[in-house]
$ cat final36.cif   # mmCIF, C-alpha atoms and all ligand atoms
data_start
loop_
_atom_site.label_atom_id
_atom_site.label_comp_id
_atom_site.auth_asym_id
_atom_site.auth_seq_id
_atom_site.Cartn_x
_atom_site.Cartn_y
_atom_site.Cartn_z
CA MET A 1 0.00 0.00 0.00
CA GLN A 2 1.69 3.23 -1.16
CA ILE A 3 -0.96 5.78 -0.19
CA ALA A 4 -3.39 5.01 2.61
CA PRO A 5 -6.94 6.15 1.86
CA ASP A 6 -7.49 7.19 5.50
CA THR A 7 -6.03 7.09 9.02
CA LEU A 8 -7.82 3.95 10.13
CA SER A 9 -6.23 1.87 7.37
CA LEU A 10 -2.88 2.69 8.99
CA ILE A 11 -3.84 0.55 12.00
CA GLY A 12 -2.16 -2.88 12.04
CA ASN A 13 0.23 -4.44 9.51
CA THR A 14 3.07 -3.38 11.78
CA PRO A 15 6.65 -4.45 11.05
CA LEU A 16 8.53 -7.18 12.90
CA VAL A 17 12.09 -6.35 13.96
CA ARG A 18 14.88 -8.76 14.96
CA LEU A 19 15.94 -8.04 18.53
CA LYS A 20 19.71 -8.32 18.38
CA GLY A 21 20.71 -8.45 22.07
CA PRO A 22 17.99 -10.92 23.10
CA SER A 23 18.72 -13.14 20.06
CA GLU A 24 22.48 -13.17 20.70
CA ALA A 25 22.01 -13.79 24.44
CA THR A 26 19.96 -16.94 23.80
CA GLY A 27 21.04 -18.39 20.44
CA CYS A 28 17.41 -18.03 19.33
CA GLU A 29 15.84 -15.62 16.86
CA ILE A 30 13.69 -13.20 18.86
CA PHE A 31 11.46 -10.76 17.00
CA GLY A 32 9.48 -7.75 18.25
CA LYS A 33 6.19 -6.62 16.70
CA CYS A 34 6.52 -2.84 16.36
CA GLU A 35 3.13 -1.72 17.61
CA PHE A 36 4.49 1.78 18.19
CA THR A 37 4.12 2.30 14.42
CA ASN A 38 0.30 2.39 14.75
CA PRO A 39 -1.15 5.92 14.38
CA GLY A 40 -1.82 6.15 18.14
CA ALA A 41 1.64 4.63 18.80
CA SER A 42 0.39 1.54 20.63
CA VAL A 43 -0.99 -1.97 20.24
CA LYS A 44 -4.34 -0.70 21.53
CA ASP A 45 -5.29 1.05 18.28
CA ARG A 46 -6.16 -2.43 16.99
CA ALA A 47 -8.58 -3.19 19.84
CA ALA A 48 -10.08 0.32 19.63
CA LEU A 49 -10.88 -0.08 15.93
CA PHE A 50 -12.43 -3.53 16.36
CA ILE A 51 -14.51 -2.44 19.38
CA VAL A 52 -15.93 0.59 17.54
CA ARG A 53 -16.62 -1.38 14.34
CA ASP A 54 -18.34 -4.10 16.38
CA ALA A 55 -20.59 -1.50 18.09
CA GLU A 56 -21.45 -0.02 14.68
CA GLU A 57 -22.25 -3.43 13.19
CA LYS A 58 -24.54 -4.19 16.14
CA GLY A 59 -26.24 -0.77 15.79
CA LEU A 60 -25.18 0.22 19.32
CA ILE A 61 -23.75 3.63 18.38
CA GLN A 62 -25.36 6.35 16.28
CA PRO A 63 -23.68 9.21 14.35
CA GLY A 64 -22.42 11.89 16.76
CA GLY A 65 -22.49 9.41 19.67
CA THR A 66 -19.99 9.12 22.49
CA ILE A 67 -17.51 6.35 23.29
CA VAL A 68 -16.73 6.02 27.01
CA GLU A 69 -13.88 3.93 28.37
CA GLY A 70 -11.75 3.31 31.41
CA THR A 71 -8.12 2.86 30.42
CA ALA A 72 -4.50 3.07 31.50
CA GLY A 73 -4.25 5.48 28.55
CA ASN A 74 -3.34 3.68 25.35
CA THR A 75 -6.83 2.32 24.66
CA GLY A 76 -8.16 5.82 25.25
CA ILE A 77 -5.72 7.23 22.72
CA GLY A 78 -6.75 4.54 20.19
CA LEU A 79 -10.47 5.14 20.81
CA ALA A 80 -10.06 8.93 20.58
CA LEU A 81 -8.34 8.76 17.21
CA VAL A 82 -10.82 6.20 15.84
CA ALA A 83 -13.66 8.40 17.18
CA ASN A 84 -12.21 11.52 15.54
CA ALA A 85 -11.88 9.69 12.23
CA LYS A 86 -15.50 8.50 12.43
CA GLY A 87 -17.20 11.56 13.97
CA TYR A 88 -17.81 10.36 17.55
CA LYS A 89 -16.91 11.97 20.89
CA THR A 90 -14.84 10.26 23.61
CA ILE A 91 -14.89 10.38 27.40
CA ILE A 92 -11.84 8.68 28.90
CA VAL A 93 -11.55 7.70 32.57
CA MET A 94 -8.00 7.13 33.70
CA PRO A 95 -6.20 6.57 37.03
CA GLU A 96 -4.26 9.73 37.93
CA THR A 97 -1.08 7.63 38.34
CA GLN A 98 -0.61 7.16 34.58
CA SER A 99 2.01 9.00 32.55
CA ARG A 100 1.67 12.73 31.96
CA GLU A 101 2.32 12.16 28.25
CA LYS A 102 -0.75 9.92 27.93
CA MET A 103 -2.97 12.57 29.56
CA ASP A 104 -1.58 15.32 27.32
CA THR A 105 -2.03 13.11 24.25
CA LEU A 106 -5.67 12.42 25.14
CA ARG A 107 -6.32 16.13 25.66
CA ALA A 108 -4.59 16.90 22.34
CA LEU A 109 -6.89 14.43 20.59
CA GLY A 110 -9.90 16.26 22.04
CA ALA A 111 -11.04 13.51 24.43
CA GLU A 112 -12.80 14.56 27.62
CA LEU A 113 -10.52 13.28 30.37
CA VAL A 114 -11.79 12.16 33.78
CA LEU A 115 -8.99 11.40 36.26
CA VAL A 116 -9.78 9.19 39.26
CA PRO A 117 -7.58 8.06 42.18
CA ALA A 118 -5.95 4.64 41.71
CA ALA A 119 -8.17 2.11 43.54
CA PRO A 120 -8.60 -1.68 43.69
CA TYR A 121 -11.07 -3.27 41.26
CA SER A 122 -13.41 -4.03 44.18
CA ASN A 123 -13.77 -0.27 44.84
CA PRO A 124 -16.75 1.34 42.99
CA GLY A 125 -14.50 4.33 42.24
CA HIS A 126 -12.11 2.15 40.16
CA PHE A 127 -11.64 3.62 36.68
CA VAL A 128 -13.44 0.72 34.98
CA HIS A 129 -16.60 1.04 37.12
CA THR A 130 -16.53 4.84 36.86
CA SER A 131 -16.42 4.63 33.08
CA ARG A 132 -19.35 2.18 32.98
CA ARG A 133 -21.46 4.54 35.12
CA ILE A 134 -20.62 7.54 32.93
CA ALA A 135 -21.58 5.54 29.82
CA GLU A 136 -24.92 4.60 31.40
CA GLU A 137 -25.64 8.25 32.30
CA THR A 138 -24.61 9.73 28.92
CA PRO A 139 -27.20 9.79 26.08
CA ASN A 140 -26.22 8.02 22.84
CA ALA A 141 -23.07 6.58 24.44
CA ILE A 142 -21.44 3.17 24.41
CA TRP A 143 -19.10 1.66 26.99
CA ALA A 144 -16.14 0.18 25.09
CA ASN A 145 -15.49 -2.30 27.95
CA GLN A 146 -12.12 -3.43 26.61
CA PHE A 147 -11.57 -5.96 29.43
CA ASP A 148 -14.67 -8.05 28.76
CA ASN A 149 -15.55 -7.11 25.18
CA ILE A 150 -14.04 -9.85 23.03
CA ALA A 151 -14.02 -7.65 19.93
CA ASN A 152 -10.70 -6.68 21.56
CA ARG A 153 -9.11 -10.11 21.18
CA ARG A 154 -10.64 -10.61 17.74
CA ALA A 155 -8.39 -7.76 16.58
CA HIS A 156 -5.41 -9.95 17.47
CA ILE A 157 -6.83 -13.24 16.16
CA CYS A 158 -7.62 -11.63 12.78
CA GLY A 159 -4.72 -9.16 12.66
CA THR A 160 -1.66 -9.53 14.90
CA ALA A 161 -1.49 -13.36 14.90
CA ASN A 162 -1.84 -13.74 11.12
CA GLU A 163 0.67 -10.96 10.52
CA ILE A 164 3.24 -12.67 12.79
CA TRP A 165 2.62 -16.03 11.10
CA GLU A 166 3.16 -14.53 7.63
CA GLN A 167 6.11 -12.35 8.62
CA MET A 168 7.87 -15.36 10.19
CA GLU A 169 6.97 -17.51 7.14
CA GLY A 170 5.13 -20.05 9.26
CA ARG A 171 8.19 -20.88 11.37
CA VAL A 172 7.07 -19.81 14.85
CA ASP A 173 8.13 -21.79 17.93
CA GLY A 174 6.93 -19.47 20.65
CA PHE A 175 5.11 -16.27 21.52
CA THR A 176 4.87 -14.34 24.75
CA CYS A 177 3.50 -11.09 26.15
CA ALA A 178 2.11 -9.57 29.32
CA VAL A 179 -1.58 -9.02 30.06
CA GLY A 180 -3.58 -5.86 30.59
CA THR A 181 -6.97 -6.92 29.24
CA GLY A 182 -5.53 -10.16 27.85
CA GLY A 183 -6.70 -9.30 24.34
CA THR A 184 -3.20 -9.50 22.88
CA LEU A 185 -2.04 -12.68 24.62
CA ALA A 186 -5.27 -14.63 24.15
CA GLY A 187 -5.88 -13.35 20.61
CA VAL A 188 -2.37 -13.95 19.31
CA GLY A 189 -2.24 -17.27 21.22
CA LEU A 190 -5.49 -18.53 19.68
CA GLY A 191 -4.55 -17.21 16.24
CA LEU A 192 -1.09 -18.80 16.18
CA LYS A 193 -2.40 -22.11 17.55
CA SER A 194 -4.96 -22.20 14.72
CA HIS A 195 -1.98 -22.27 12.33
CA ASP A 196 0.11 -24.70 14.41
CA GLU A 197 -0.94 -26.18 17.74
CA LYS A 198 2.70 -26.67 18.74
CA VAL A 199 3.49 -22.93 18.99
CA ARG A 200 4.34 -22.44 22.69
CA ILE A 201 2.37 -19.57 24.23
CA ALA A 202 3.80 -18.00 27.38
CA LEU A 203 2.46 -15.43 29.82
CA SER A 204 4.99 -12.82 30.97
CA ASP A 205 3.50 -11.46 34.16
CA PRO A 206 4.80 -8.41 36.04
CA HIS A 207 5.07 -8.48 39.81
CA GLY A 208 1.85 -7.34 41.47
CA ALA A 209 -0.34 -9.26 38.99
CA ALA A 210 -2.27 -12.40 39.91
CA LEU A 211 -2.07 -14.38 36.68
CA TYR A 212 1.30 -16.07 37.14
CA ASN A 213 -0.03 -17.85 40.23
CA TYR A 214 -3.31 -18.63 38.46
CA TYR A 215 -1.71 -20.36 35.48
CA ALA A 216 1.05 -21.99 37.58
CA HIS A 217 -1.01 -23.08 40.62
CA GLY A 218 -4.70 -22.39 39.86
CA GLU A 219 -4.89 -19.56 42.39
CA LEU A 220 -5.45 -15.86 41.58
CA LYS A 221 -2.90 -14.38 43.94
CA ALA A 222 -0.82 -11.21 43.52
CA GLU A 223 2.58 -10.66 45.11
CA GLY A 224 4.83 -7.60 44.94
CA SER A 225 4.31 -4.57 42.71
CA SER A 226 5.37 -3.02 39.41
CA VAL A 227 5.58 0.47 37.92
CA ALA A 228 4.73 -0.84 34.43
CA GLU A 229 1.69 0.89 32.90
CA GLY A 230 -1.03 -0.95 31.02
CA ILE A 231 -0.31 -4.46 32.36
CA GLY A 232 -0.89 -6.42 35.56
CA GLN A 233 -4.26 -8.16 35.83
CA GLY A 234 -5.96 -9.59 38.92
CA ARG A 235 -8.86 -11.50 37.34
CA ILE A 236 -9.76 -13.70 34.36
CA THR A 237 -11.31 -11.21 31.96
CA ALA A 238 -13.63 -12.41 29.18
CA ASN A 239 -10.75 -11.77 26.79
CA LEU A 240 -8.55 -14.18 28.77
CA GLU A 241 -11.10 -16.98 28.97
CA GLY A 242 -9.81 -20.01 27.10
CA ALA A 243 -6.43 -18.41 26.40
CA PRO A 244 -4.10 -21.25 25.35
CA ILE A 245 -1.26 -20.61 27.81
CA ASP A 246 1.42 -23.34 27.97
CA THR A 247 3.89 -21.75 30.35
CA GLN A 248 4.36 -18.62 32.46
CA PHE A 249 7.12 -16.37 33.73
CA ARG A 250 7.17 -13.72 36.41
CA ILE A 251 9.29 -10.76 35.35
CA SER A 252 10.61 -8.02 37.65
CA ASP A 253 10.69 -4.33 36.69
CA GLU A 254 14.50 -4.48 36.97
CA GLU A 255 14.71 -7.29 34.37
CA GLY A 256 12.32 -5.49 32.07
CA LEU A 257 14.16 -2.18 32.42
CA GLU A 258 17.49 -3.82 31.65
CA TRP A 259 16.12 -4.75 28.21
CA VAL A 260 14.52 -1.32 27.75
CA TRP A 261 17.91 0.33 28.31
CA LYS A 262 19.83 -2.19 26.19
CA LEU A 263 17.45 -1.97 23.24
CA MET A 264 17.54 1.83 23.38
CA ARG A 265 21.34 2.04 23.57
CA GLU A 266 22.31 -0.91 21.34
CA GLN A 267 19.51 -0.86 18.79
CA GLY A 268 17.91 2.59 18.94
CA LEU A 269 14.52 1.19 19.93
CA ALA A 270 12.56 3.49 22.28
CA LEU A 271 10.27 1.30 24.37
CA GLY A 272 8.12 1.40 27.48
CA LEU A 273 8.33 -1.02 30.39
CA SER A 274 5.58 -3.41 29.27
CA SER A 275 7.67 -4.00 26.11
CA GLY A 276 10.76 -4.57 28.29
CA ILE A 277 8.85 -7.14 30.35
CA ASN A 278 7.71 -8.82 27.12
CA VAL A 279 11.30 -9.00 25.85
CA ALA A 280 12.52 -10.40 29.20
CA GLY A 281 9.73 -12.99 28.88
CA ALA A 282 10.83 -13.83 25.33
CA VAL A 283 14.38 -14.39 26.64
CA ALA A 284 13.01 -16.68 29.39
CA LEU A 285 10.98 -18.60 26.78
CA ALA A 286 14.06 -18.87 24.53
CA ARG A 287 16.03 -20.36 27.46
CA GLU A 288 13.21 -22.85 28.10
CA LEU A 289 13.03 -23.90 24.43
CA GLY A 290 16.83 -23.89 23.89
CA PRO A 291 18.96 -22.43 21.06
CA GLY A 292 17.75 -22.39 17.45
CA HIS A 293 14.10 -21.49 18.10
CA ARG A 294 12.09 -18.59 16.70
CA ILE A 295 10.09 -16.46 19.13
CA ALA A 296 7.89 -13.38 18.74
CA THR A 297 6.80 -10.81 21.26
CA ILE A 298 5.05 -7.43 21.31
CA LEU A 299 6.67 -3.99 21.48
CA CYS A 300 3.47 -2.46 22.85
CA ASP A 301 4.10 1.27 22.68
CA THR A 302 6.78 3.93 22.40
CA GLY A 303 9.27 5.00 25.05
CA PHE A 304 8.57 8.61 24.11
CA ARG A 305 5.28 8.17 26.00
CA TYR A 306 7.34 7.83 29.21
CA LEU A 307 9.93 10.65 29.00
CA SER A 308 8.69 12.16 32.28
CA SER A 309 8.76 8.79 34.07
CA LEU A 310 10.93 5.87 32.91
CA TYR A 311 13.46 8.11 31.15
CA ASN A 312 13.60 10.65 34.00
CA PRO A 313 16.35 10.02 36.64
CA GLU A 314 14.38 11.74 39.44
CA TRP A 315 11.34 9.60 38.78
CA LEU A 316 13.41 6.39 38.69
CA ARG A 317 15.12 7.31 41.98
CA ALA A 318 11.77 8.09 43.62
CA LYS A 319 10.59 4.60 42.63
CA GLY A 320 13.77 3.02 44.04
CA LEU A 321 14.99 1.98 40.58
CA ALA A 322 18.59 2.23 39.35
CA VAL A 323 19.35 5.07 36.90
CA PRO A 324 21.49 4.01 33.91
CA ASP A 325 24.73 6.06 33.51
CA TRP A 326 23.88 7.53 30.11
CA LEU A 327 20.55 8.83 31.38
CA GLU A 328 22.26 10.47 34.39
CA ARG A 329 24.66 12.37 32.08
CA ARG A 330 22.03 14.28 30.10
N1 LIG B 401 1.33 -2.54 27.24
C1 LIG B 401 0.76 -1.32 27.30
C2 LIG B 401 1.64 -0.11 27.36
C3 LIG B 401 -0.64 -1.21 27.30
O1 LIG B 401 -1.21 0.02 27.37
C4 LIG B 401 -1.42 -2.37 27.25
C5 LIG B 401 -2.93 -2.28 27.26
N2 LIG B 401 -3.51 -1.98 28.50
C6 LIG B 401 -0.79 -3.62 27.24
C7 LIG B 401 0.59 -3.66 27.21
C8 LIG B 401 -1.55 -4.94 27.31
O2 LIG B 401 -2.35 -5.26 26.23
P1 LIG B 401 -3.70 -6.08 26.39
O3 LIG B 401 -4.75 -5.13 26.94
O4 LIG B 401 -4.02 -6.54 25.03
O5 LIG B 401 -3.49 -7.20 27.36
#
$ encode --input "final36.cif" --output "structure tokens"
Amino acid sequence: MQIAPDTLSLIGNTPLVRLKGPSEATGCEIFGKCEFTNPGASVKDRAALFIVRDAEEKGLIQPGGTIVEGTAGNTGIGLALVANAKGYKTIIVMPETQSREKMDTLRALGAELVLVPAAPYSNPGHFVHTSRRIAEETPNAIWANQFDNIANRRAHICGTANEIWEQMEGRVDGFTCAVGTGGTLAGVGLGLKSHDEKVRIALSDPHGAALYNYYAHGELKAEGSSVAEGIGQGRITANLEGAPIDTQFRISDEEGLEWVWKLMREQGLALGLSSGINVAGAVALARELGPGHRIATILCDTGFRYLSSLYNPEWLRAKGLAVPDWLERR
């Protein structure tokens, strides 16, 4: 495609890049799906487009209507740009702990932003419940409901998984990523397994999430914490139901950040921490499979979305995280 007819046709069909350090460290070929090349600069543009199209096909949203969603930020950015392209309004509810850049981006897109204090899912003030209430109270509005709306994972069954399969010419031994809604892991997992049941699907779970214990021991139990945005789930969402997960890893922020720094300095790839955790998980999967295997993971969004946090020495120090030398010297 030389000239795209519109913005929405720029969503998906993202490139796959060989990750040099992770491949050399393991003797495997590890590839990253460059989701930061989507127009909203994250993997969530795909889910946003599928959710809005699904609502249109079901007649749930009328012209001039409003899309309401609770999000760590990236889904909101995806929904806002899809809404702008289609003539809808957006109301985005977000925990106030998310990155400044995501809030500014949402405001720049024209979304109405509602910030709420970070709260556990059981609290009625949690961003997901707040967004559902706002949707119910707003005329001609839909609640995108990314966690339990499986149009989200369909975006990855139809898009991401088939793209990876074709880009890797049908030679895929393993895939891993972390879970926010679970749309990416379950969708790519189901999609790849439909091509070849033997593809090993791994969960890369940050500390503070409950899924590692669930898939390893059958118990939803969280331990520790993480500063990664957009991932870390405490329940089995509808998107996760039936996800074909063969193995699981628990990845620390320190391990994830090590790959974020290395890929930035050695390969010029600007990533966020969920991507770093995915790459650390791909390395763990490569070590489990042994040398000579081919593994894909997701580079979920761009590091430029975290200049005031991950790439800011003061912020890292305040979180008790080590500051890399080159970042200190700026
Ligand atoms: N990384 C980032 C930065 C995200 O915003 C998200 C979405 N919340 C994810 C990873 C996880 O994707 P999914 O919702 O498909 O599990």
$ residues_near_point --input "final36.cif" --point "(13.6, 4.0, 17.3)" --cutoff "12 Å" --atoms "only C-alpha atoms" --output "ChimeraX atom specification"
/A:17,34-37,260,263-272,299,301-304
$ residues_near_ligand --input "final36.cif" --ligand "ligand LIG 401 (chain B)" --cutoff "10 Å" --atoms "all atoms listed in the file" --output "ChimeraX atom specification"
/A:35-36,41-47,71-77,102,146-147,152-153,155-156,177-188,228-233,237,239-240,271-278,298-303,305-306
$ write_last_selection --input "final36.cif" --atoms "C-alpha atoms" --output "mmCIF file, in the coordinates of the input"
data_model
loop_
_atom_site.group_PDB
_atom_site.id
_atom_site.type_symbol
_atom_site.label_atom_id
_atom_site.label_comp_id
_atom_site.auth_asym_id
_atom_site.auth_seq_id
_atom_site.Cartn_x
_atom_site.Cartn_y
_atom_site.Cartn_z
ATOM 1 C CA GLU A 35 3.130 -1.720 17.610
ATOM 2 C CA PHE A 36 4.490 1.780 18.190
ATOM 3 C CA ALA A 41 1.640 4.630 18.800
ATOM 4 C CA SER A 42 0.390 1.540 20.630
ATOM 5 C CA VAL A 43 -0.990 -1.970 20.240
ATOM 6 C CA LYS A 44 -4.340 -0.700 21.530
ATOM 7 C CA ASP A 45 -5.290 1.050 18.280
ATOM 8 C CA ARG A 46 -6.160 -2.430 16.990
ATOM 9 C CA ALA A 47 -8.580 -3.190 19.840
ATOM 10 C CA THR A 71 -8.120 2.860 30.420
ATOM 11 C CA ALA A 72 -4.500 3.070 31.500
ATOM 12 C CA GLY A 73 -4.250 5.480 28.550
ATOM 13 C CA ASN A 74 -3.340 3.680 25.350
ATOM 14 C CA THR A 75 -6.830 2.320 24.660
ATOM 15 C CA GLY A 76 -8.160 5.820 25.250
ATOM 16 C CA ILE A 77 -5.720 7.230 22.720
ATOM 17 C CA LYS A 102 -0.750 9.920 27.930
ATOM 18 C CA GLN A 146 -12.120 -3.430 26.610
ATOM 19 C CA PHE A 147 -11.570 -5.960 29.430
ATOM 20 C CA ASN A 152 -10.700 -6.680 21.560
ATOM 21 C CA ARG A 153 -9.110 -10.110 21.180
ATOM 22 C CA ALA A 155 -8.390 -7.760 16.580
ATOM 23 C CA HIS A 156 -5.410 -9.950 17.470
ATOM 24 C CA CYS A 177 3.500 -11.090 26.150
ATOM 25 C CA ALA A 178 2.110 -9.570 29.320
ATOM 26 C CA VAL A 179 -1.580 -9.020 30.060
ATOM 27 C CA GLY A 180 -3.580 -5.860 30.590
ATOM 28 C CA THR A 181 -6.970 -6.920 29.240
ATOM 29 C CA GLY A 182 -5.530 -10.160 27.850
ATOM 30 C CA GLY A 183 -6.700 -9.300 24.340
ATOM 31 C CA THR A 184 -3.200 -9.500 22.880
ATOM 32 C CA LEU A 185 -2.040 -12.680 24.620
ATOM 33 C CA ALA A 186 -5.270 -14.630 24.150
ATOM 34 C CA GLY A 187 -5.880 -13.350 20.610
ATOM 35 C CA VAL A 188 -2.370 -13.950 19.310
ATOM 36 C CA ALA A 228 4.730 -0.840 34.430
ATOM 37 C CA GLU A 229 1.690 0.890 32.900
ATOM 38 C CA GLY A 230 -1.030 -0.950 31.020
ATOM 39 C CA ILE A 231 -0.310 -4.460 32.360
ATOM 40 C CA GLY A 232 -0.890 -6.420 35.560
ATOM 41 C CA GLN A 233 -4.260 -8.160 35.830
ATOM 42 C CA THR A 237 -11.310 -11.210 31.960
ATOM 43 C CA ASN A 239 -10.750 -11.770 26.790
ATOM 44 C CA LEU A 240 -8.550 -14.180 28.770
ATOM 45 C CA LEU A 271 10.270 1.300 24.370
ATOM 46 C CA GLY A 272 8.120 1.400 27.480
ATOM 47 C CA LEU A 273 8.330 -1.020 30.390
ATOM 48 C CA SER A 274 5.580 -3.410 29.270
ATOM 49 C CA SER A 275 7.670 -4.000 26.110
ATOM 50 C CA GLY A 276 10.760 -4.570 28.290
ATOM 51 C CA ILE A 277 8.850 -7.140 30.350
ATOM 52 C CA ASN A 278 7.710 -8.820 27.120
ATOM 53 C CA ILE A 298 5.050 -7.430 21.310
ATOM 54 C CA LEU A 299 6.670 -3.990 21.480
ATOM 55 C CA CYS A 300 3.470 -2.460 22.850
ATOM 56 C CA ASP A 301 4.100 1.270 22.680
ATOM 57 C CA THR A 302 6.780 3.930 22.400
ATOM 58 C CA GLY A 303 9.270 5.000 25.050
ATOM 59 C CA ARG A 305 5.280 8.170 26.000
ATOM 60 C CA TYR A 306 7.340 7.830 29.210
#
$ closest_residue --input "final36.cif" --among "A:Lys221, A:Arg329, A:His207, A:Arg100" --to "A:Phe249" --atoms "all atoms listed in the file"
A:His207
$ residues_around --input "final36.cif" --residues "A:Ser23" --least-positions-apart "3" --cutoff "10 Å" --atoms "only C-alpha atoms" --output "MDAnalysis selection string"
chainID A and resid 18:20 26:31 282:283 286 291:295
$ residues_around --input "final36.cif" --residues "A:Thr90" --least-positions-apart "5" --cutoff "9 Å" --atoms "all atoms listed in the file" --output "list in words"
Gly65, Thr66, Ile67, Val68, Glu69, Gly76, Leu79, Ala80, Ala83, Asn84, Gly110, Ala111, Glu112 and Leu113 of chain A
$ closest_residue --input "final36.cif" --among "A:Arg235, A:Thr105, A:Glu258, A:Gly70" --to "A:Gly218" --atoms "only C-alpha atoms"
A:Arg235
$ residues_around --input "final36.cif" --residues "A:Leu285" --least-positions-apart "2" --cutoff "9 Å" --atoms "all atoms listed in the file" --output "MDAnalysis selection string"
chainID A and resid 174:176 200 202 247:249 280:283 287:290 295
$ closest_residue --input "final36.cif" --among "A:Asn38, A:Pro124, A:Asn149, A:Met103" --to "A:Glu241" --atoms "only C-alpha atoms"
A:Asn149
$ atom_distance --input "final36.cif" --atom1 "atom CA of A:Ala243" --atom2 "atom CA of A:Asp148"
13.4 Å
$ closest_residue --input "final36.cif" --among "A:Ile164, A:Ile150, A:Leu8, A:Val227" --to "A:Gly32" --atoms "all atoms listed in the file"
A:Ile164
$ closest_residue --input "final36.cif" --among "A:Ser204, A:Asn145, A:Thr160, A:Asn140" --to "A:Gly59" --atoms "all atoms listed in the file"
A:Asn140
